[in-house]
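Engineer: See protein.pdb below, with PDB, C-alpha atoms.
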```
ATOM      1  CA  MET A 489     -39.423 -23.991   4.237
ATOM      2  CA  PHE A 490     -39.951 -26.945   1.921
ATOM      3  CA  ASN A 491     -39.973 -25.505  -1.598
ATOM      4  CA  ILE A 492     -36.273 -24.981  -2.120
ATOM      5  CA  LEU A 493     -34.107 -24.159  -5.124
ATOM      6  CA  VAL A 494     -30.529 -25.469  -4.996
ATOM      7  CA  LEU A 495     -28.188 -23.855  -7.511
ATOM      8  CA  GLY A 496     -25.084 -25.986  -8.009
ATOM      9  CA  GLY A 497     -26.862 -29.003  -6.571
ATOM     10  CA  THR A 498     -25.186 -31.453  -8.958
ATOM     11  CA  GLY A 499     -21.722 -30.696  -7.586
ATOM     12  CA  PHE A 500     -19.690 -32.268  -4.798
ATOM     13  CA  VAL A 501     -21.208 -30.159  -2.003
ATOM     14  CA  GLY A 502     -24.604 -29.958  -3.686
ATOM     15  CA  ARG A 503     -25.198 -33.678  -3.590
ATOM     16  CA  SER A 504     -24.650 -33.758   0.169
ATOM     17  CA  VAL A 505     -26.890 -30.713   0.599
ATOM     18  CA  CYS A 506     -29.696 -32.386  -1.354
ATOM     19  CA  GLU A 507     -29.366 -35.540   0.739
ATOM     20  CA  LYS A 508     -29.592 -33.543   3.958
ATOM     21  CA  LEU A 509     -32.599 -31.623   2.672
ATOM     22  CA  VAL A 510     -34.325 -34.951   2.071
ATOM     23  CA  GLU A 511     -33.336 -36.112   5.556
ATOM     24  CA  ARG A 512     -34.656 -32.851   6.982
ATOM     25  CA  SER A 513     -38.083 -33.354   5.433
ATOM     26  CA  GLY A 514     -38.208 -37.115   5.933
ATOM     27  CA  GLY A 515     -38.628 -37.517   2.206
ATOM     28  CA  ALA A 516     -42.243 -36.376   2.515
ATOM     29  CA  ASP A 517     -42.095 -32.726   1.473
ATOM     30  CA  GLY A 518     -40.705 -30.804  -1.433
ATOM     31  CA  PRO A 519     -39.972 -30.020  -4.068
ATOM     32  CA  ILE A 520     -36.213 -29.606  -3.928
ATOM     33  CA  THR A 521     -35.352 -28.299  -7.386
ATOM     34  CA  VAL A 522     -31.854 -28.573  -8.849
ATOM     35  CA  PRO A 523     -31.269 -26.775 -12.161
ATOM     36  CA  SER A 524     -28.729 -28.242 -14.557
ATOM     37  CA  ARG A 525     -27.788 -27.696 -18.171
ATOM     38  CA  HIS A 526     -26.960 -31.417 -18.289
ATOM     39  CA  PRO A 527     -29.755 -33.250 -16.407
ATOM     40  CA  ALA A 528     -28.485 -36.633 -17.561
ATOM     41  CA  ARG A 529     -25.425 -36.145 -15.353
ATOM     42  CA  ALA A 530     -27.600 -35.785 -12.252
ATOM     43  CA  GLY A 531     -29.212 -39.207 -12.347
ATOM     44  CA  ASP A 532     -28.216 -40.100  -8.798
ATOM     45  CA  LEU A 533     -30.102 -37.070  -7.465
ATOM     46  CA  LEU A 534     -33.289 -38.302  -9.100
ATOM     47  CA  THR A 535     -33.230 -41.339  -6.808
ATOM     48  CA  LEU A 536     -33.791 -39.017  -3.839
ATOM     49  CA  PRO A 537     -37.455 -38.444  -2.934
ATOM     50  CA  THR A 538     -38.784 -34.940  -3.722
ATOM     51  CA  VAL A 539     -35.671 -33.919  -5.698
ATOM     52  CA  GLU A 540     -36.392 -32.609  -9.179
ATOM     53  CA  VAL A 541     -33.732 -31.835 -11.788
ATOM     54  CA  ASP A 542     -34.764 -28.948 -14.057
ATOM     55  CA  ALA A 543     -33.071 -28.463 -17.427
ATOM     56  CA  ALA A 544     -32.155 -24.798 -17.247
ATOM     57  CA  ASN A 545     -29.427 -22.246 -17.894
ATOM     58  CA  LEU A 546     -28.769 -20.106 -14.813
ATOM     59  CA  TYR A 547     -27.182 -17.406 -16.955
ATOM     60  CA  ASP A 548     -30.453 -16.724 -18.758
ATOM     61  CA  ASP A 549     -32.427 -14.104 -16.797
ATOM     62  CA  ALA A 550     -35.826 -15.404 -17.881
ATOM     63  CA  GLN A 551     -34.979 -18.960 -16.851
ATOM     64  CA  LEU A 552     -33.498 -17.808 -13.552
ATOM     65  CA  ALA A 553     -36.658 -15.813 -12.806
ATOM     66  CA  ARG A 554     -38.786 -18.885 -13.552
ATOM     67  CA  LEU A 555     -36.682 -21.028 -11.236
ATOM     68  CA  VAL A 556     -36.798 -18.577  -8.326
ATOM     69  CA  ALA A 557     -40.528 -17.807  -8.485
ATOM     70  CA  GLY A 558     -42.552 -19.283  -5.632
ATOM     71  CA  ARG A 559     -39.620 -20.616  -3.620
ATOM     72  CA  ASP A 560     -39.409 -20.582   0.159
ATOM     73  CA  ALA A 561     -35.617 -20.351  -0.035
ATOM     74  CA  VAL A 562     -32.694 -20.478  -2.437
ATOM     75  CA  ILE A 563     -29.312 -22.100  -1.785
ATOM     76  CA  ASN A 564     -26.479 -20.970  -4.060
ATOM     77  CA  LEU A 565     -23.506 -23.339  -4.270
ATOM     78  CA  VAL A 566     -22.273 -22.326  -7.722
ATOM     79  CA  GLY A 567     -18.550 -21.656  -7.844
ATOM     80  CA  ILE A 568     -15.359 -22.382  -9.736
ATOM     81  CA  LEU A 569     -11.737 -22.752  -8.620
ATOM     82  CA  HIS A 570     -10.102 -22.156 -11.991
ATOM     83  CA  GLY A 571     -10.570 -19.661 -14.788
ATOM     84  CA  ASN A 572      -9.645 -16.240 -16.053
ATOM     85  CA  ASP A 573     -10.896 -12.948 -14.650
ATOM     86  CA  ALA A 574     -13.984 -13.011 -16.863
ATOM     87  CA  ASP A 575     -14.860 -16.546 -15.734
ATOM     88  CA  PHE A 576     -14.588 -15.655 -12.047
ATOM     89  CA  ARG A 577     -16.638 -12.500 -12.508
ATOM     90  CA  ARG A 578     -19.368 -14.308 -14.437
ATOM     91  CA  VAL A 579     -19.773 -17.082 -11.855
ATOM     92  CA  HIS A 580     -18.958 -15.371  -8.563
ATOM     93  CA  VAL A 581     -20.196 -11.816  -9.188
ATOM     94  CA  ASP A 582     -22.634 -11.625 -12.083
ATOM     95  CA  LEU A 583     -24.649 -14.702 -11.102
ATOM     96  CA  PRO A 584     -25.134 -13.617  -7.446
ATOM     97  CA  THR A 585     -26.060 -10.116  -8.659
ATOM     98  CA  ARG A 586     -28.675 -11.504 -11.031
ATOM     99  CA  LEU A 587     -29.865 -13.978  -8.412
ATOM    100  CA  ALA A 588     -30.415 -11.154  -5.913
ATOM    101  CA  ARG A 589     -32.393  -9.253  -8.549
ATOM    102  CA  ALA A 590     -34.513 -12.316  -9.354
ATOM    103  CA  CYS A 591     -35.208 -13.029  -5.674
ATOM    104  CA  THR A 592     -36.218  -9.421  -5.047
ATOM    105  CA  ALA A 593     -38.557  -9.397  -8.037
ATOM    106  CA  ALA A 594     -40.165 -12.680  -6.973
ATOM    107  CA  GLY A 595     -40.474 -11.724  -3.304
ATOM    108  CA  VAL A 596     -38.178 -14.568  -2.223
ATOM    109  CA  ARG A 597     -36.240 -13.317   0.779
ATOM    110  CA  ARG A 598     -34.323 -16.324   2.147
ATOM    111  CA  LEU A 599     -30.963 -17.050   0.568
ATOM    112  CA  VAL A 600     -28.013 -19.145   1.753
ATOM    113  CA  HIS A 601     -24.886 -18.438  -0.270
ATOM    114  CA  VAL A 602     -21.610 -20.364  -0.173
ATOM    115  CA  SER A 603     -18.527 -18.159  -0.455
ATOM    116  CA  ALA A 604     -14.974 -18.927   0.721
ATOM    117  CA  LEU A 605     -12.653 -18.297   3.639
ATOM    118  CA  GLY A 606     -10.376 -15.381   2.853
ATOM    119  CA  ALA A 607     -12.829 -13.617   0.556
ATOM    120  CA  ASP A 608     -11.766  -9.980   0.527
ATOM    121  CA  ALA A 609     -11.762  -7.107  -1.944
ATOM    122  CA  ASN A 610      -8.005  -6.716  -1.424
ATOM    123  CA  ALA A 611      -7.105 -10.413  -1.563
ATOM    124  CA  PRO A 612      -4.174 -11.436  -3.786
ATOM    125  CA  SER A 613      -6.198 -13.758  -6.047
ATOM    126  CA  MET A 614      -9.039 -13.108  -8.432
ATOM    127  CA  TYR A 615     -10.864 -16.089  -6.930
ATOM    128  CA  LEU A 616     -11.006 -14.483  -3.482
ATOM    129  CA  ARG A 617     -11.674 -10.978  -4.796
ATOM    130  CA  SER A 618     -14.559 -12.239  -6.939
ATOM    131  CA  LYS A 619     -16.002 -14.149  -3.992
ATOM    132  CA  ALA A 620     -15.923 -10.935  -1.960
ATOM    133  CA  ALA A 621     -17.621  -8.996  -4.764
ATOM    134  CA  GLY A 622     -20.365 -11.626  -4.932
ATOM    135  CA  GLU A 623     -20.919 -11.331  -1.188
ATOM    136  CA  ALA A 624     -21.124  -7.540  -1.485
ATOM    137  CA  ALA A 625     -23.717  -7.775  -4.255
ATOM    138  CA  LEU A 626     -25.928 -10.003  -2.118
ATOM    139  CA  LEU A 627     -25.442  -7.997   1.072
ATOM    140  CA  GLY A 628     -26.595  -4.889  -0.757
ATOM    141  CA  ALA A 629     -29.854  -6.507  -1.879
ATOM    142  CA  GLY A 630     -31.576  -6.478   1.512
ATOM    143  CA  LEU A 631     -32.356 -10.212   1.516
ATOM    144  CA  ASP A 632     -32.482 -12.553   4.515
ATOM    145  CA  LEU A 633     -28.987 -13.722   3.725
ATOM    146  CA  THR A 634     -26.627 -16.229   5.310
ATOM    147  CA  LEU A 635     -23.070 -16.426   4.001
ATOM    148  CA  ILE A 636     -21.182 -19.700   4.393
ATOM    149  CA  ARG A 637     -17.379 -19.513   4.212
ATOM    150  CA  PRO A 638     -15.779 -22.976   4.190
ATOM    151  CA  SER A 639     -12.122 -23.911   4.168
ATOM    152  CA  VAL A 640     -11.053 -26.567   1.665
ATOM    153  CA  ILE A 641     -13.721 -29.281   1.703
ATOM    154  CA  PHE A 642     -12.909 -32.983   1.927
ATOM    155  CA  GLY A 643     -15.052 -36.064   1.461
ATOM    156  CA  GLU A 644     -15.529 -39.283  -0.440
ATOM    157  CA  HIS A 645     -15.583 -37.693  -3.902
ATOM    158  CA  ASP A 646     -13.562 -34.524  -3.320
ATOM    159  CA  ARG A 647     -11.097 -33.149  -5.860
ATOM    160  CA  PHE A 648      -8.485 -32.371  -3.247
ATOM    161  CA  MET A 649      -7.366 -35.339  -1.172
ATOM    162  CA  ASN A 650      -8.459 -37.819  -3.843
ATOM    163  CA  ARG A 651      -6.480 -36.042  -6.537
ATOM    164  CA  PHE A 652      -3.287 -35.911  -4.503
ATOM    165  CA  ALA A 653      -3.722 -39.579  -3.653
ATOM    166  CA  ALA A 654      -4.125 -40.420  -7.347
ATOM    167  CA  LEU A 655      -1.025 -38.451  -8.281
ATOM    168  CA  GLN A 656       1.082 -40.330  -5.769
ATOM    169  CA  ALA A 657      -0.116 -43.607  -7.237
ATOM    170  CA  VAL A 658       1.682 -42.785 -10.502
ATOM    171  CA  LEU A 659       4.523 -40.398  -9.602
ATOM    172  CA  PRO A 660       7.716 -41.457  -7.807
ATOM    173  CA  VAL A 661       8.063 -38.039  -6.171
ATOM    174  CA  LEU A 662       5.727 -35.038  -5.931
ATOM    175  CA  PRO A 663       7.046 -31.493  -6.493
ATOM    176  CA  LEU A 664       4.638 -29.165  -4.708
ATOM    177  CA  ALA A 665       3.961 -25.446  -5.038
ATOM    178  CA  GLY A 666       2.538 -23.664  -2.007
ATOM    179  CA  ALA A 667       3.661 -26.460   0.278
ATOM    180  CA  ASN A 668       3.548 -24.286   3.403
ATOM    181  CA  ALA A 669       0.061 -22.870   2.764
ATOM    182  CA  ARG A 670      -2.207 -23.442   5.754
ATOM    183  CA  PHE A 671      -5.684 -24.972   5.593
ATOM    184  CA  GLN A 672      -8.344 -26.060   8.074
ATOM    185  CA  PRO A 673     -10.117 -28.760   6.044
ATOM    186  CA  VAL A 674     -13.802 -29.334   6.698
ATOM    187  CA  TRP A 675     -15.915 -32.409   5.965
ATOM    188  CA  VAL A 676     -18.494 -31.962   3.218
ATOM    189  CA  GLU A 677     -21.174 -33.440   5.468
ATOM    190  CA  ASP A 678     -20.557 -30.731   8.066
ATOM    191  CA  VAL A 679     -20.726 -27.961   5.467
ATOM    192  CA  ALA A 680     -23.964 -29.412   4.108
ATOM    193  CA  ALA A 681     -25.400 -29.646   7.627
ATOM    194  CA  ALA A 682     -24.591 -25.986   8.309
ATOM    195  CA  ILE A 683     -26.206 -24.921   5.038
ATOM    196  CA  VAL A 684     -29.402 -26.869   5.661
ATOM    197  CA  ASP A 685     -29.596 -26.014   9.381
ATOM    198  CA  SER A 686     -29.329 -22.342   8.454
ATOM    199  CA  LEU A 687     -32.771 -22.578   6.871
ATOM    200  CA  ASP A 688     -34.322 -23.410  10.243
ATOM    201  CA  GLN A 689     -32.214 -21.270  12.564
ATOM    202  CA  HIS A 690     -33.172 -17.597  12.395
ATOM    203  CA  TRP A 691     -30.001 -16.414  14.113
ATOM    204  CA  THR A 692     -28.113 -17.192  10.910
ATOM    205  CA  VAL A 693     -29.879 -14.405   8.986
ATOM    206  CA  GLY A 694     -27.374 -11.619   8.407
ATOM    207  CA  GLN A 695     -24.494 -13.809   9.606
ATOM    208  CA  THR A 696     -21.298 -15.044   7.984
ATOM    209  CA  ILE A 697     -20.502 -18.592   9.121
ATOM    210  CA  GLU A 698     -16.954 -19.974   9.021
ATOM    211  CA  CYS A 699     -16.995 -23.717   8.326
ATOM    212  CA  VAL A 700     -13.740 -25.378   9.313
ATOM    213  CA  GLY A 701     -12.537 -28.657  10.712
ATOM    214  CA  PRO A 702     -10.713 -29.259  13.991
ATOM    215  CA  ARG A 703      -7.218 -29.438  12.508
ATOM    216  CA  VAL A 704      -4.961 -26.881  10.816
ATOM    217  CA  ALA A 705      -2.407 -28.407   8.430
ATOM    218  CA  THR A 706      -0.070 -27.279   5.685
ATOM    219  CA  LEU A 707      -0.617 -28.366   2.112
ATOM    220  CA  ARG A 708       2.482 -30.546   2.375
ATOM    221  CA  GLN A 709       1.077 -32.324   5.431
ATOM    222  CA  LEU A 710      -2.235 -32.903   3.677
ATOM    223  CA  VAL A 711      -0.533 -34.329   0.591
ATOM    224  CA  LEU A 712       1.537 -36.665   2.753
ATOM    225  CA  MET A 713      -1.642 -37.834   4.509
ATOM    226  CA  ALA A 714      -3.341 -38.523   1.176
ATOM    227  CA  GLY A 715      -0.394 -40.616   0.037
ATOM    228  CA  ARG A 716      -0.148 -42.557   3.282
ATOM    229  CA  TRP A 717      -3.867 -43.301   3.582
ATOM    230  CA  SER A 718      -4.100 -44.409  -0.057
ATOM    231  CA  GLY A 719      -1.098 -46.704   0.286
ATOM    232  CA  HIS A 720       1.073 -44.686  -2.121
ATOM    233  CA  ALA A 721       3.200 -42.503   0.145
ATOM    234  CA  ARG A 722       5.749 -40.492  -1.846
ATOM    235  CA  ALA A 723       8.360 -37.912  -1.036
ATOM    236  CA  VAL A 724       7.082 -34.345  -1.376
ATOM    237  CA  ILE A 725       9.480 -31.634  -2.565
ATOM    238  CA  ALA A 726       8.452 -28.119  -1.626
ATOM    239  CA  LEU A 727       9.052 -25.729  -4.516
ATOM    240  CA  PRO A 728      10.137 -22.125  -3.988
ATOM    241  CA  TYR A 729       7.597 -19.508  -5.093
ATOM    242  CA  VAL A 730       9.168 -18.791  -8.503
ATOM    243  CA  LEU A 731       9.323 -22.475  -9.448
ATOM    244  CA  GLY A 732       5.824 -22.948  -8.021
ATOM    245  CA  ARG A 733       4.506 -20.216 -10.337
ATOM    246  CA  LEU A 734       6.201 -21.947 -13.261
ATOM    247  CA  GLN A 735       4.716 -25.302 -12.274
ATOM    248  CA  ALA A 736       1.239 -23.771 -11.991
ATOM    249  CA  ALA A 737       1.597 -22.063 -15.384
ATOM    250  CA  LEU A 738       2.539 -25.384 -16.988
ATOM    251  CA  LEU A 739      -0.370 -27.179 -15.288
ATOM    252  CA  GLU A 740      -2.758 -24.601 -16.725
ATOM    253  CA  LEU A 741      -1.714 -25.688 -20.221
ATOM    254  CA  LEU A 742      -2.738 -29.301 -19.715
ATOM    255  CA  PRO A 743      -6.192 -30.419 -20.920
ATOM    256  CA  GLY A 744      -8.988 -30.591 -18.401
ATOM    257  CA  GLU A 745      -9.235 -28.899 -15.016
ATOM    258  CA  PRO A 746      -5.736 -28.048 -13.748
ATOM    259  CA  LEU A 747      -4.448 -29.461 -10.478
ATOM    260  CA  MET A 748      -3.257 -25.980  -9.584
ATOM    261  CA  SER A 749      -3.287 -22.574 -11.272
ATOM    262  CA  ARG A 750      -1.337 -19.388 -10.676
ATOM    263  CA  ASP A 751      -4.467 -17.848  -9.182
ATOM    264  CA  ASN A 752      -4.737 -20.800  -6.778
ATOM    265  CA  LEU A 753      -1.171 -20.129  -5.719
ATOM    266  CA  GLU A 754      -2.021 -16.500  -5.023
ATOM    267  CA  SER A 755      -5.036 -17.610  -2.966
ATOM    268  CA  MET A 756      -2.744 -19.735  -0.827
ATOM    269  CA  LYS A 757      -0.910 -16.623   0.350
ATOM    270  CA  VAL A 758      -3.945 -16.105   2.606
ATOM    271  CA  PRO A 759      -4.162 -18.719   5.404
ATOM    272  CA  ASN A 760      -7.294 -20.755   4.754
ATOM    273  CA  VAL A 761      -8.182 -20.974   8.445
ATOM    274  CA  ALA A 762     -10.921 -19.581  10.669
ATOM    275  CA  SER A 763     -10.547 -16.035  11.948
ATOM    276  CA  GLY A 764     -12.178 -16.970  15.243
ATOM    277  CA  LYS A 765     -14.235 -13.769  15.037
ATOM    278  CA  LEU A 766     -17.298 -15.290  13.347
ATOM    279  CA  PRO A 767     -19.696 -18.102  14.306
ATOM    280  CA  GLY A 768     -18.742 -21.598  13.210
ATOM    281  CA  LEU A 769     -20.045 -25.146  13.208
ATOM    282  CA  ALA A 770     -20.177 -25.281  16.996
ATOM    283  CA  ARG A 771     -22.926 -22.634  16.961
ATOM    284  CA  PHE A 772     -25.126 -25.246  15.254
ATOM    285  CA  GLY A 773     -24.264 -27.790  17.923
ATOM    286  CA  LEU A 774     -22.086 -29.655  15.436
ATOM    287  CA  THR A 775     -18.782 -31.312  16.297
ATOM    288  CA  ALA A 776     -16.654 -31.019  13.182
ATOM    289  CA  GLY A 777     -15.583 -34.297  11.620
ATOM    290  CA  SER A 778     -11.861 -34.950  11.612
ATOM    291  CA  LEU A 779      -9.922 -35.520   8.418
ATOM    292  CA  ASP A 780      -8.087 -38.327  10.195
ATOM    293  CA  ASN A 781     -11.333 -40.121  11.013
ATOM    294  CA  VAL A 782     -13.064 -39.666   7.659
ATOM    295  CA  MET A 783     -10.595 -39.932   4.797
ATOM    296  CA  PRO A 784      -8.483 -43.046   5.512
ATOM    297  CA  ALA A 785     -11.441 -45.333   4.743
ATOM    298  CA  PHE A 786     -12.336 -43.477   1.546
ATOM    299  CA  LEU A 787      -8.783 -43.255   0.231
ATOM    300  CA  GLY A 788      -8.155 -46.852   1.198
ATOM    301  CA  GLY A 789     -11.108 -47.968  -0.923
ATOM    302  CA  ARG A 790     -13.398 -49.075   1.906
ATOM    303  CA  GLN A 791     -16.466 -47.084   0.903
ATOM    304  CA  GLY A 792     -19.847 -47.975   2.294
ATOM    305  CA  PRO A 793     -23.280 -47.769   0.642
ATOM    306  CA  GLY A 794     -23.850 -44.192   1.848
ATOM    307  CA  ARG A 795     -26.170 -42.592   4.345
ATOM    308  CA  LEU A 796     -29.071 -42.190   1.885
ATOM    309  CA  GLY A 797     -29.093 -45.815   0.758
ATOM    310  CA  PRO A 798     -32.579 -46.469   2.205
ATOM    311  CA  TRP A 799     -34.064 -43.453   0.379
ATOM    312  CA  ARG A 800     -32.498 -44.552  -2.901
ATOM    313  CA  ALA A 801     -33.796 -48.079  -2.419
ATOM    314  CA  LEU A 802     -37.287 -46.709  -1.788
ATOM    315  CA  ALA A 803     -37.121 -44.553  -4.902
ATOM    316  CA  HIS A 804     -36.046 -47.490  -7.047
ATOM    317  CA  ALA A 805     -38.843 -49.637  -5.644
ATOM    318  CA  SER A 806     -41.587 -47.079  -6.389
TER     319      SER A 806
END
```
Just give me the structure as structure tokens.
Structural biologist:
Amino acid sequence: MFNILVLGGTGFVGRSVCEKLVERSGGADGPITVPSRHPARAGDLLTLPTVEVDAANLYDDAQLARLVAGRDAVINLVGILHGNDADFRRVHVDLPTRLARACTAAGVRRLVHVSALGADANAPSMYLRSKAAGEAALLGAGLDLTLIRPSVIFGEHDRFMNRFAALQAVLPVLPLAGANARFQPVWVEDVAAAIVDSLDQHWTVGQTIECVGPRVATLRQLVLMAGRWSGHARAVIALPYVLGRLQAALLELLPGEPLMSRDNLESMKVPNVASGKLPGLARFGLTAGSLDNVMPAFLGGRQGPGRLGPWRALAHAS
């Protein structure tokens, strides 16, 4: 499968997925098409051989049909962490429903879809309920579907560990809602590897894959790690639920993407850890990268040139 459409390819996970797709093909096959309403923001992807950025609106049925037509496979990474009920439904339910319809009409059977750990129709948050509804829509379409359910994803440019590190650089103390919520953070490179490997491993068809790292930690522990590794360790004050809801409500009023919303807080009532009942990274022969081994260098500012440096150099030279 070498003619692949990657929805959400300009995002944090998408960039790693595109790099691994290029690695998979040796930079000789393609195309790998990434739709974006803002192609100018995806300039770094254009340095990767065989990657094409297509100016398109995924929420237009005609454009989505054009994008899907003739593909060997589609990877859907589109998702949001914040929004109202309508936002979650549009992104997590309506788009997968329309994508399934477009794939069926075009005769494209292979689809890898990224969902979330804890997705369930009876989950306490709209985020998790909408993720479950999106899964259901795809499962009902009769496609060759693989569902990927990651825990919170960390990496060089994540919005989780990096954001908590940045906060501790400016705040003397950090009040924290949901401090006891449990996570099993997974490295973005491992998630990307599972997504791309799924295209070549037939056993993944019809499967839900849980992508988690080797360590379970509370939110408080993760925040303390971010502060320590970035050189700005601060005291963390765990807020009771009522005060945490108030904090989240106030954060929602600030401009830009909130650090935490009330819906996020509801999501954290569900442990974000593997159930142990579904296949995971080990089934791919992968040894999950440890947060402790990956993030100290990134948060400490010792970032290297990146794994795809040679491909980018080649693209610039051509």
Engineer: Once the PyMOL selection byres ((chain A and resi 586) around 12) has been applied to the shown file, what residues remain in the selection, as a list of chain:residue names?
Structural biologist: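 Applying the PyMOL selection byres ((chain A and resi 586) around 12) to the structure shown produces A:Leu546, A:Tyr547, A:Asp548, A:Asp549, A:Ala550, A:Gln551, A:Leu552, A:Ala553, A:Val556, A:Asn564, A:Arg578, A:Val579, A:His580, A:Val581, A:Asp582, A:Leu583, A:Pro584, A:Thr585, A:Leu587, A:Ala588, A:Arg589, A:Ala590, A:Cys591, A:Thr592, A:Ala593, A:Gly622, A:Ala625, A:Leu626, A:Ala629.
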Engineer: Pick from A:Asn572, A:Asp780, A:Arg708, A:Leu664: nearest to Arg733 (chain A), with all atoms listed in the file counted?
Structural biologist: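 Smallest separation from Arg733 (chain A) among the options: A:Leu664.
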Engineer: For a test of reading the model, state the distance in Å between CA of Pro746 (chain A) and CA of Leu655 (chain A), rounded to one decimal.
Structural biologist: 12.7 Å
Engineer: Applying the PyMOL selection byres ((chain A and resi 756-767) around 9) to the file I just gave you, which residues come out? Please list them as JSON, numbers by chain.
Structural biologist: {"A": [604, 605, 606, 611, 612, 613, 638, 639, 640, 666, 668, 669, 670, 671, 672, 673, 695, 696, 697, 698, 699, 700, 704, 751, 752, 753, 754, 755, 768, 769, 770, 771]}
Engineer: Export C-alpha atoms of the chosen residues as a short mmCIF file (atom, residue, chain, number, x, y, z; two decimals), keeping the file's coordinate frame?
Structural biologist:
```cif
data_model
loop_
_atom_site.label_atom_id
_atom_site.label_comp_id
_atom_site.auth_asym_id
_atom_site.auth_seq_id
_atom_site.Cartn_x
_atom_site.Cartn_y
_atom_site.Cartn_z
CA ALA A 604 -14.97 -18.93 0.72
CA LEU A 605 -12.65 -18.30 3.64
CA GLY A 606 -10.38 -15.38 2.85
CA ALA A 611 -7.10 -10.41 -1.56
CA PRO A 612 -4.17 -11.44 -3.79
CA SER A 613 -6.20 -13.76 -6.05
CA PRO A 638 -15.78 -22.98 4.19
CA SER A 639 -12.12 -23.91 4.17
CA VAL A 640 -11.05 -26.57 1.66
CA GLY A 666 2.54 -23.66 -2.01
CA ASN A 668 3.55 -24.29 3.40
CA ALA A 669 0.06 -22.87 2.76
CA ARG A 670 -2.21 -23.44 5.75
CA PHE A 671 -5.68 -24.97 5.59
CA GLN A 672 -8.34 -26.06 8.07
CA PRO A 673 -10.12 -28.76 6.04
CA GLN A 695 -24.49 -13.81 9.61
CA THR A 696 -21.30 -15.04 7.98
CA ILE A 697 -20.50 -18.59 9.12
CA GLU A 698 -16.95 -19.97 9.02
CA CYS A 699 -17.00 -23.72 8.33
CA VAL A 700 -13.74 -25.38 9.31
CA VAL A 704 -4.96 -26.88 10.82
CA ASP A 751 -4.47 -17.85 -9.18
CA ASN A 752 -4.74 -20.80 -6.78
CA LEU A 753 -1.17 -20.13 -5.72
CA GLU A 754 -2.02 -16.50 -5.02
CA SER A 755 -5.04 -17.61 -2.97
CA GLY A 768 -18.74 -21.60 13.21
CA LEU A 769 -20.05 -25.15 13.21
CA ALA A 770 -20.18 -25.28 17.00
CA ARG A 771 -22.93 -22.63 16.96
#
```
Engineer: Where's the centre, and what are the edge lengths in Å to one decimal, of a box along x, y and z enclosing all listed atoms of region 517-532 of chain A padded 8 Å per side, as lines of an AutoDock Vina configuration file?
Structural biologist:
```
center_x = -33.8
center_y = -33.4
center_z = -8.4
size_x = 32.7
size_y = 29.3
size_z = 35.8
```
Engineer: As an exercise, work out the distance from CA of Pro537 (chain A) to CA of Asp646 (chain A) in Å and give it to one decimal place.
Structural biologist: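 The value is 24.2 Å.
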Engineer: Tell me which of A:Met713, A:Val501, A:Ile568, A:Leu536 sits closest to Ser513 (chain A), counting all atoms listed in the file.
Structural biologist: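 Smallest distance to Ser513 (chain A) is found for A:Leu536.
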Engineer: So how many Å separate CA of His570 (chain A) and CA of Leu533 (chain A), to one decimal?
Structural biologist: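 Distance reported for this atom pair: 25.4 Å.
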Engineer: Any chance you could resolve the PyMOL selection byres ((chain A and resi 632) around 10) against this file and give the residues as a ChimeraX atom specification?
Structural biologist: /A:561,596-600,626-627,629-631,633-634,690,692-695
Engineer: For the point (-24.7, -36.6, -3.8) in file coordinates, what residues are within 12 Å, counting all atoms listed in the file? Give the answer as a PyMOL selection string?
Structural biologist: chain A and resi 496-510+522+529-536+539+643-646+676-677+680+794-797+800
Engineer: Given the choices A:Thr538, A:Thr775, A:Asn545, A:Ser603, which gets closest to Ile636 (chain A) if the distance is worked out from only C-alpha atoms?
Structural biologist: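 Among the listed residues, the smallest separation from Ile636 (chain A) belongs to A:Ser603.
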Engineer: Considering only C-alpha atoms, can you say which of A:Val658, A:Leu569, A:Leu712, A:Ile683 comes closest to Tyr615 (chain A)?
Structural biologist: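 Nearest to Tyr615 (chain A): A:Leu569.
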Engineer: Using all atoms listed in the file, which protein or nucleic acid residues come within 10 Å of region 723-731 of chain A? Drop anything in the same chain fewer than 4 positions from it, and give the result as a list in words.
Structural biologist: Gln656, Leu659, Pro660, Val661, Leu662, Pro663, Leu664, Ala665, Gly666, Ala667, Asn668, Leu707, Arg708, Gln709, Val711, Leu712, Gly715, Gln735, Ala736, Ala737 and Leu753 of chain A
Engineer: Measuring between all atoms listed in the file, which one of A:Gly719, A:Ala657, A:Arg617, A:Asn781 shows the shortest distance to Val674 (chain A)?
Structural biologist: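 The answer is A:Asn781, which sits nearest to Val674 (chain A).
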